Amino acid sequence: MTRRSVIRGTGHYLPENVVENSWFESRLDTSDEWIRSRTGIERRHFAADGQTTSDLAIRAARAALDRAGMTPADIDGIILATSTPDFTFPAVATMVQSGLGMSRGFAYDVQAVCAGFVFALANADAMIRAGLGDRVLVIGAETFSRIMDWTDRGTCVLFGDGAGAVVLEAQEGAGTSDDRGILSCDLNSDGTHRELLYVDGGVSSTGTAGQLRMQGNLVFRHAVEKLAKTAHTALDKAGLTGSDVDWLVPHQANMRIITATAQKMGLPLDKVVLTVADHGNTSAASIPLALSVADGRGQFKPGQVLVTEAIGGGLSWGSVVLRW
Ligand code: UT7
């Protein structure tokens, strides 16, 4: 028998303020047409003044617990992926814990930028397999609007705010690819590419939060090369192939990257969960947001194979394969 981590519930929260592409037209030398055609993004949500990453995360966590039919008392730990924490410390996860009225179990943050949720999911799976908890809340939550340079048209039109969460629960499986739950993970980082995507401030360097800097076209090339590869590696580890995949749930950064990855995996677009048009790039929140939106629509059927993949600053990239 093998201990598996099964998704019992998903949830998400998006701030009320929806900003259409046209909002940028009066502020920058850009156009709705450019943003749509180069990225697939049509709108994004921005957090209100005073609304923090933990506020979004708590709402997403409550929604996931509701769908799972669980209460905070059922949860043994919280792992939260973010690059935009409320404070330098404590971890946003501990703020979610207290917001949910919990004072037991572990709670900590994972920082792998846009790949953060994939890393957090793999981390939670490892914790569950190691017997460190039976039920773990895994959250991706971001307020990237706080680290935008609003004069840089190459980045500020791309990102949005939001949070998504899943409840993982331990379940015994046979140890085969027919098991429900997480079947395999593939995680990678290469710090030599730091200059491609980073924030130009921080606690021990500038003492400021800093702003996001990106050489978008170079990140684009890495994404197209690395995402299908990591997905194939994870599928291989699970003993599955592209033809076994029912749903690709990709990081929602750019429609052209998503299309190229799906093509490389031999998947038609109707097997790809797409939220990029309405959410923009919400970094670590994008995959759990997409999972929750698709789950809410009833798109996933028990037994179906899902593949998630993401790449972001670091560079860090990876993939998780699971059976719904
Ligand atoms: O989630 C973390 C990982 N991040 C990503 O996956 C993002 C990856 N990169 C991308 O999605 C794309 O590279 C972008 C959407 C950021 C840019 O698209 P691109 O097709 O790679 O464009 P580019 O950077 O090569 O720029 C082409 C042109 C440039 O003008 P010139 O030099 O050709 O005159 C840019 O200045 O487009 C210009 N441009 C814009 N024009 C209008 C850049 N941003 C804009 C804009 N509006 N917002």
# chains A, B, ... in the order shown; residues from 1 in each chain; ligands from 1
$ closest_atom_pairs --of "chain A" --to "ligand 1" --cutoff "6 Å" --atoms "only C-alpha atoms and all ligand atoms" --output "JSON lines"
{"residue": "A:Thr30", "atom": "CA", "partner": "ligand 1", "partner_atom_place_in_ligand_line": "47 (N)", "distance": 3.7}
{"residue": "A:Ser31", "atom": "CA", "partner": "ligand 1", "partner_atom_place_in_ligand_line": "47 (N)", "distance": 5.9}
{"residue": "A:Trp34", "atom": "CA", "partner": "ligand 1", "partner_atom_place_in_ligand_line": "42 (C)", "distance": 5.5}
{"residue": "A:Ile35", "atom": "CA", "partner": "ligand 1", "partner_atom_place_in_ligand_line": "48 (N)", "distance": 5.9}
{"residue": "A:Arg38", "atom": "CA", "partner": "ligand 1", "partner_atom_place_in_ligand_line": "15 (C)", "distance": 5.5}
{"residue": "A:Thr39", "atom": "CA", "partner": "ligand 1", "partner_atom_place_in_ligand_line": "15 (C)", "distance": 5.2}
{"residue": "A:Cys114", "atom": "CA", "partner": "ligand 1", "partner_atom_place_in_ligand_line": "1 (O)", "distance": 5.1}
{"residue": "A:Arg153", "atom": "CA", "partner": "ligand 1", "partner_atom_place_in_ligand_line": "48 (N)", "distance": 4.2}
{"residue": "A:Gly154", "atom": "CA", "partner": "ligand 1", "partner_atom_place_in_ligand_line": "44 (N)", "distance": 3.6}
{"residue": "A:Val157", "atom": "CA", "partner": "ligand 1", "partner_atom_place_in_ligand_line": "48 (N)", "distance": 5.8}
{"residue": "A:Gly216", "atom": "CA", "partner": "ligand 1", "partner_atom_place_in_ligand_line": "13 (O)", "distance": 3.7}
{"residue": "A:Asn217", "atom": "CA", "partner": "ligand 1", "partner_atom_place_in_ligand_line": "13 (O)", "distance": 3.6}
{"residue": "A:Val219", "atom": "CA", "partner": "ligand 1", "partner_atom_place_in_ligand_line": "8 (C)", "distance": 4.9}
{"residue": "A:Phe220", "atom": "CA", "partner": "ligand 1", "partner_atom_place_in_ligand_line": "8 (C)", "distance": 4.0}
{"residue": "A:Ala253", "atom": "CA", "partner": "ligand 1", "partner_atom_place_in_ligand_line": "1 (O)", "distance": 4.8}
{"residue": "A:Asn254", "atom": "CA", "partner": "ligand 1", "partner_atom_place_in_ligand_line": "11 (O)", "distance": 4.9}
{"residue": "A:Ser283", "atom": "CA", "partner": "ligand 1", "partner_atom_place_in_ligand_line": "1 (O)", "distance": 5.6}
{"residue": "A:Ile311", "atom": "CA", "partner": "ligand 1", "partner_atom_place_in_ligand_line": "3 (C)", "distance": 5.7}
{"residue": "A:Gly312", "atom": "CA", "partner": "ligand 1", "partner_atom_place_in_ligand_line": "2 (C)", "distance": 4.1}
$ write_last_selection --atoms "N, CA, C and O atoms" --output "mmCIF file, in the first residue's frame"
data_model
loop_
_atom_site.group_PDB
_atom_site.id
_atom_site.type_symbol
_atom_site.label_atom_id
_atom_site.label_comp_id
_atom_site.auth_asym_id
_atom_site.auth_seq_id
_atom_site.Cartn_x
_atom_site.Cartn_y
_atom_site.Cartn_z
ATOM 1 N N THR A 30 0.265 51.526 -24.910
ATOM 2 C CA THR A 30 -0.127 50.125 -25.128
ATOM 3 C C THR A 30 -1.555 50.098 -25.653
ATOM 4 O O THR A 30 -2.192 51.145 -25.782
ATOM 5 N N SER A 31 -2.045 48.904 -25.971
ATOM 6 C CA SER A 31 -3.411 48.794 -26.474
ATOM 7 C C SER A 31 -4.015 47.466 -26.057
ATOM 8 O O SER A 31 -3.291 46.485 -25.827
ATOM 9 N N TRP A 34 -2.829 44.813 -28.426
ATOM 10 C CA TRP A 34 -1.489 44.259 -28.189
ATOM 11 C C TRP A 34 -1.532 43.253 -27.036
ATOM 12 O O TRP A 34 -1.007 42.145 -27.135
ATOM 13 N N ILE A 35 -2.187 43.646 -25.948
ATOM 14 C CA ILE A 35 -2.195 42.777 -24.765
ATOM 15 C C ILE A 35 -2.913 41.455 -25.072
ATOM 16 O O ILE A 35 -2.419 40.369 -24.769
ATOM 17 N N ARG A 38 -0.780 39.326 -27.746
ATOM 18 C CA ARG A 38 0.525 38.816 -27.294
ATOM 19 C C ARG A 38 0.428 37.947 -26.054
ATOM 20 O O ARG A 38 1.354 37.202 -25.743
ATOM 21 N N THR A 39 -0.678 38.080 -25.276
ATOM 22 C CA THR A 39 -0.745 37.363 -23.995
ATOM 23 C C THR A 39 -2.036 36.568 -23.781
ATOM 24 O O THR A 39 -2.049 35.655 -22.957
ATOM 25 N N CYS A 114 6.323 32.083 -9.578
ATOM 26 C CA CYS A 114 5.166 31.551 -10.319
ATOM 27 C C CYS A 114 5.068 30.028 -10.228
ATOM 28 O O CYS A 114 4.001 29.459 -10.456
ATOM 29 N N ARG A 153 5.515 49.064 -19.458
ATOM 30 C CA ARG A 153 4.420 48.401 -20.177
ATOM 31 C C ARG A 153 4.716 46.925 -20.426
ATOM 32 O O ARG A 153 3.813 46.136 -20.692
ATOM 33 N N GLY A 154 5.984 46.549 -20.353
ATOM 34 C CA GLY A 154 6.368 45.149 -20.593
ATOM 35 C C GLY A 154 6.019 44.217 -19.442
ATOM 36 O O GLY A 154 6.090 42.995 -19.595
ATOM 37 N N VAL A 157 1.091 45.213 -17.395
ATOM 38 C CA VAL A 157 -0.178 44.786 -17.998
ATOM 39 C C VAL A 157 -0.419 43.286 -17.797
ATOM 40 O O VAL A 157 -1.496 42.776 -18.128
ATOM 41 N N GLY A 216 11.009 39.665 -20.661
ATOM 42 C CA GLY A 216 9.890 38.784 -21.010
ATOM 43 C C GLY A 216 10.185 37.809 -22.137
ATOM 44 O O GLY A 216 9.861 36.621 -22.041
ATOM 45 N N ASN A 217 10.812 38.310 -23.213
ATOM 46 C CA ASN A 217 11.003 37.410 -24.361
ATOM 47 C C ASN A 217 11.972 36.268 -24.042
ATOM 48 O O ASN A 217 11.823 35.163 -24.560
ATOM 49 N N VAL A 219 12.355 34.937 -20.909
ATOM 50 C CA VAL A 219 11.582 34.023 -20.049
ATOM 51 C C VAL A 219 10.654 33.178 -20.921
ATOM 52 O O VAL A 219 10.500 31.972 -20.706
ATOM 53 N N PHE A 220 10.053 33.831 -21.910
ATOM 54 C CA PHE A 220 9.152 33.148 -22.845
ATOM 55 C C PHE A 220 9.846 31.928 -23.455
ATOM 56 O O PHE A 220 9.307 30.820 -23.476
ATOM 57 N N ALA A 253 0.252 32.338 -17.575
ATOM 58 C CA ALA A 253 1.074 33.533 -17.801
ATOM 59 C C ALA A 253 0.794 34.131 -19.168
ATOM 60 O O ALA A 253 0.692 35.355 -19.303
ATOM 61 N N ASN A 254 0.679 33.270 -20.161
ATOM 62 C CA ASN A 254 0.588 33.777 -21.528
ATOM 63 C C ASN A 254 -0.048 32.691 -22.395
ATOM 64 O O ASN A 254 0.411 31.549 -22.395
ATOM 65 N N SER A 283 0.753 34.645 -10.682
ATOM 66 C CA SER A 283 1.929 33.990 -10.098
ATOM 67 C C SER A 283 1.530 32.699 -9.373
ATOM 68 O O SER A 283 0.856 31.856 -9.954
ATOM 69 N N ILE A 311 6.412 27.840 -14.506
ATOM 70 C CA ILE A 311 7.793 28.345 -14.465
ATOM 71 C C ILE A 311 7.750 29.794 -13.994
ATOM 72 O O ILE A 311 6.778 30.513 -14.275
ATOM 73 N N GLY A 312 8.780 30.199 -13.282
ATOM 74 C CA GLY A 312 8.838 31.591 -12.841
ATOM 75 C C GLY A 312 10.221 31.979 -12.377
ATOM 76 O O GLY A 312 11.204 31.258 -12.618
#
$ residues_around --residues "Val6 (chain A)" --least-positions-apart "4" --cutoff "12 Å" --atoms "only C-alpha atoms" --output "VMD selection string"
chain A and resid 10 68 121 124 to 125 128 to 129 134 to 138 166 to 173 179 to 183 302 to 303 321 to 324
$ residues_around --residues "Ala91 (chain A)" --least-positions-apart "6" --cutoff "9 Å" --atoms "only C-alpha atoms" --output "PyMOL selection string"
chain A and resi 80+85+107-109
$ write_last_selection --atoms "N, CA, C and O atoms" --output "PDB file, in the first residue's frame"
ATOM      1  N   LEU A  80       1.732  27.624   2.227  1.00  0.00           N
ATOM      2  CA  LEU A  80       1.243  28.711   1.371  1.00  0.00           C
ATOM      3  C   LEU A  80       2.371  29.218   0.468  1.00  0.00           C
ATOM      4  O   LEU A  80       3.468  29.525   0.945  1.00  0.00           O
ATOM      5  N   PRO A  85       4.307  38.510   0.386  1.00  0.00           N
ATOM      6  CA  PRO A  85       3.756  38.345   1.739  1.00  0.00           C
ATOM      7  C   PRO A  85       3.317  39.685   2.336  1.00  0.00           C
ATOM      8  O   PRO A  85       3.818  40.741   1.951  1.00  0.00           O
ATOM      9  N   ALA A 107       2.424  25.709   9.918  1.00  0.00           N
ATOM     10  CA  ALA A 107       2.026  26.683   8.890  1.00  0.00           C
ATOM     11  C   ALA A 107       3.277  27.423   8.447  1.00  0.00           C
ATOM     12  O   ALA A 107       3.955  28.042   9.272  1.00  0.00           O
ATOM     13  N   TYR A 108       3.595  27.318   7.152  1.00  0.00           N
ATOM     14  CA  TYR A 108       4.776  28.020   6.648  1.00  0.00           C
ATOM     15  C   TYR A 108       4.615  28.357   5.171  1.00  0.00           C
ATOM     16  O   TYR A 108       3.749  27.799   4.490  1.00  0.00           O
ATOM     17  N   ASP A 109       5.464  29.270   4.700  1.00  0.00           N
ATOM     18  CA  ASP A 109       5.391  29.721   3.304  1.00  0.00           C
ATOM     19  C   ASP A 109       6.475  29.062   2.453  1.00  0.00           C
ATOM     20  O   ASP A 109       7.553  28.717   2.944  1.00  0.00           O
TER      21      ASP A 109
END
$ select_by_dssp --residues "region 72-312 of chain A" --states "alpha helix (DSSP H)" --output "ChimeraX atom specification"
/A:92-99,116-129,216-238,255-264,276-279,286-296
$ closest_atom_pairs --of "region 38-59 of chain A" --to "region 16-23 of chain A" --cutoff "9 Å" --atoms "only C-alpha atoms" --output "Markdown table"
| residue | atom | partner | partner_atom | distance |
| --- | --- | --- | --- | --- |
| A:Ile41 | CA | A:Asn21 | CA | 7.8 |
| A:Glu42 | CA | A:Asn21 | CA | 5.7 |
| A:Arg43 | CA | A:Glu20 | CA | 4.3 |
| A:Arg44 | CA | A:Val19 | CA | 5.4 |
| A:His45 | CA | A:Val18 | CA | 4.5 |
| A:Phe46 | CA | A:Asn17 | CA | 5.5 |
| A:Ala47 | CA | A:Asn17 | CA | 6.7 |
| A:Ala48 | CA | A:Asn17 | CA | 7.0 |
$ atom_distance --atom1 "CA of Ser98 (chain A)" --atom2 "CA of Ala60 (chain A)"
14.4 Å
$ closest_residue --among "A:Leu240, A:Leu218, A:Ala64, A:Ala290" --to "Asp178 (chain A)" --atoms "only C-alpha atoms"
A:Leu240
$ closest_residue --among "A:Asp49, A:Glu142, A:Glu309, A:Asp76" --to "Phe106 (chain A)" --atoms "only C-alpha atoms"
A:Asp76
$ atom_distance --atom1 "CA of Ile58 (chain A)" --atom2 "CA of Val96 (chain A)"
5.3 Å
$ select_by_dssp --residues "region 26-229 of chain A" --states "strand (DSSP E or B)" --output "PyMOL selection string"
chain A and resi 43-46+77-81+106-110+135-143+159+161-173+181-189+197-199+212-214
$ closest_residue --among "A:Leu289, A:Gly9, A:Val320, A:Ala238" --to "Thr176 (chain A)" --atoms "only C-alpha atoms"
A:Ala238
$ residues_around --residues "Cys156 (chain A)" --least-positions-apart "4" --cutoff "9 Å" --atoms "only C-alpha atoms" --output "list of chain:residue names"
A:Phe24, A:Ser145, A:Met148, A:Asp149, A:Trp150, A:Thr151, A:Asp152, A:Gly160, A:Leu212
$ atom_distance --atom1 "CA of Ala163 (chain A)" --atom2 "CA of Ser54 (chain A)"
9.0 Å
$ residues_around --residues "Arg256 (chain A)" --least-positions-apart "3" --cutoff "12 Å" --atoms "only C-alpha atoms" --output "ChimeraX atom specification"
/A:35-41,217,220-221,223-224,250-253,259-263,269,274,276-277
$ residues_around --residues "Trp317 (chain A)" --least-positions-apart "6" --cutoff "9 Å" --atoms "only C-alpha atoms" --output "PyMOL selection string"
chain A and resi 112+114-116+118-119+186-190+223+226-227+230+309-311
$ decode --residues "region 104-134 of chain A" --atoms "C-alpha atoms" --output "PDB file, in the first residue's frame"
ATOM      1  CA  ARG A 104      -2.397  23.937  16.206  1.00  0.00           C
ATOM      2  CA  GLY A 105      -0.555  22.243  13.327  1.00  0.00           C
ATOM      3  CA  PHE A 106       2.256  23.630  11.179  1.00  0.00           C
ATOM      4  CA  ALA A 107       2.026  26.683   8.890  1.00  0.00           C
ATOM      5  CA  TYR A 108       4.776  28.020   6.648  1.00  0.00           C
ATOM      6  CA  ASP A 109       5.391  29.721   3.304  1.00  0.00           C
ATOM      7  CA  VAL A 110       7.120  28.483   0.169  1.00  0.00           C
ATOM      8  CA  GLN A 111       8.712  30.980  -2.213  1.00  0.00           C
ATOM      9  CA  ALA A 112       9.233  29.762  -5.761  1.00  0.00           C
ATOM     10  CA  VAL A 113       7.496  32.689  -7.488  1.00  0.00           C
ATOM     11  CA  CYS A 114       5.166  31.551 -10.319  1.00  0.00           C
ATOM     12  CA  ALA A 115       6.169  27.908  -9.737  1.00  0.00           C
ATOM     13  CA  GLY A 116       5.324  28.329  -6.043  1.00  0.00           C
ATOM     14  CA  PHE A 117       2.085  26.358  -6.012  1.00  0.00           C
ATOM     15  CA  VAL A 118       3.657  23.388  -7.822  1.00  0.00           C
ATOM     16  CA  PHE A 119       6.504  23.408  -5.285  1.00  0.00           C
ATOM     17  CA  ALA A 120       4.055  23.760  -2.358  1.00  0.00           C
ATOM     18  CA  LEU A 121       1.890  20.914  -3.660  1.00  0.00           C
ATOM     19  CA  ALA A 122       4.935  18.642  -4.003  1.00  0.00           C
ATOM     20  CA  ASN A 123       6.053  19.707  -0.522  1.00  0.00           C
ATOM     21  CA  ALA A 124       2.639  18.967   1.008  1.00  0.00           C
ATOM     22  CA  ASP A 125       2.570  15.582  -0.738  1.00  0.00           C
ATOM     23  CA  ALA A 126       5.999  14.738   0.719  1.00  0.00           C
ATOM     24  CA  MET A 127       4.821  15.778   4.204  1.00  0.00           C
ATOM     25  CA  ILE A 128       1.685  13.636   3.915  1.00  0.00           C
ATOM     26  CA  ARG A 129       3.658  10.652   2.619  1.00  0.00           C
ATOM     27  CA  ALA A 130       6.118  11.079   5.496  1.00  0.00           C
ATOM     28  CA  GLY A 131       3.222  10.914   7.938  1.00  0.00           C
ATOM     29  CA  LEU A 132       3.642  14.488   9.188  1.00  0.00           C
ATOM     30  CA  GLY A 133      -0.032  15.226   8.622  1.00  0.00           C
ATOM     31  CA  ASP A 134      -3.200  13.668   7.202  1.00  0.00           C
TER      32      ASP A 134
END
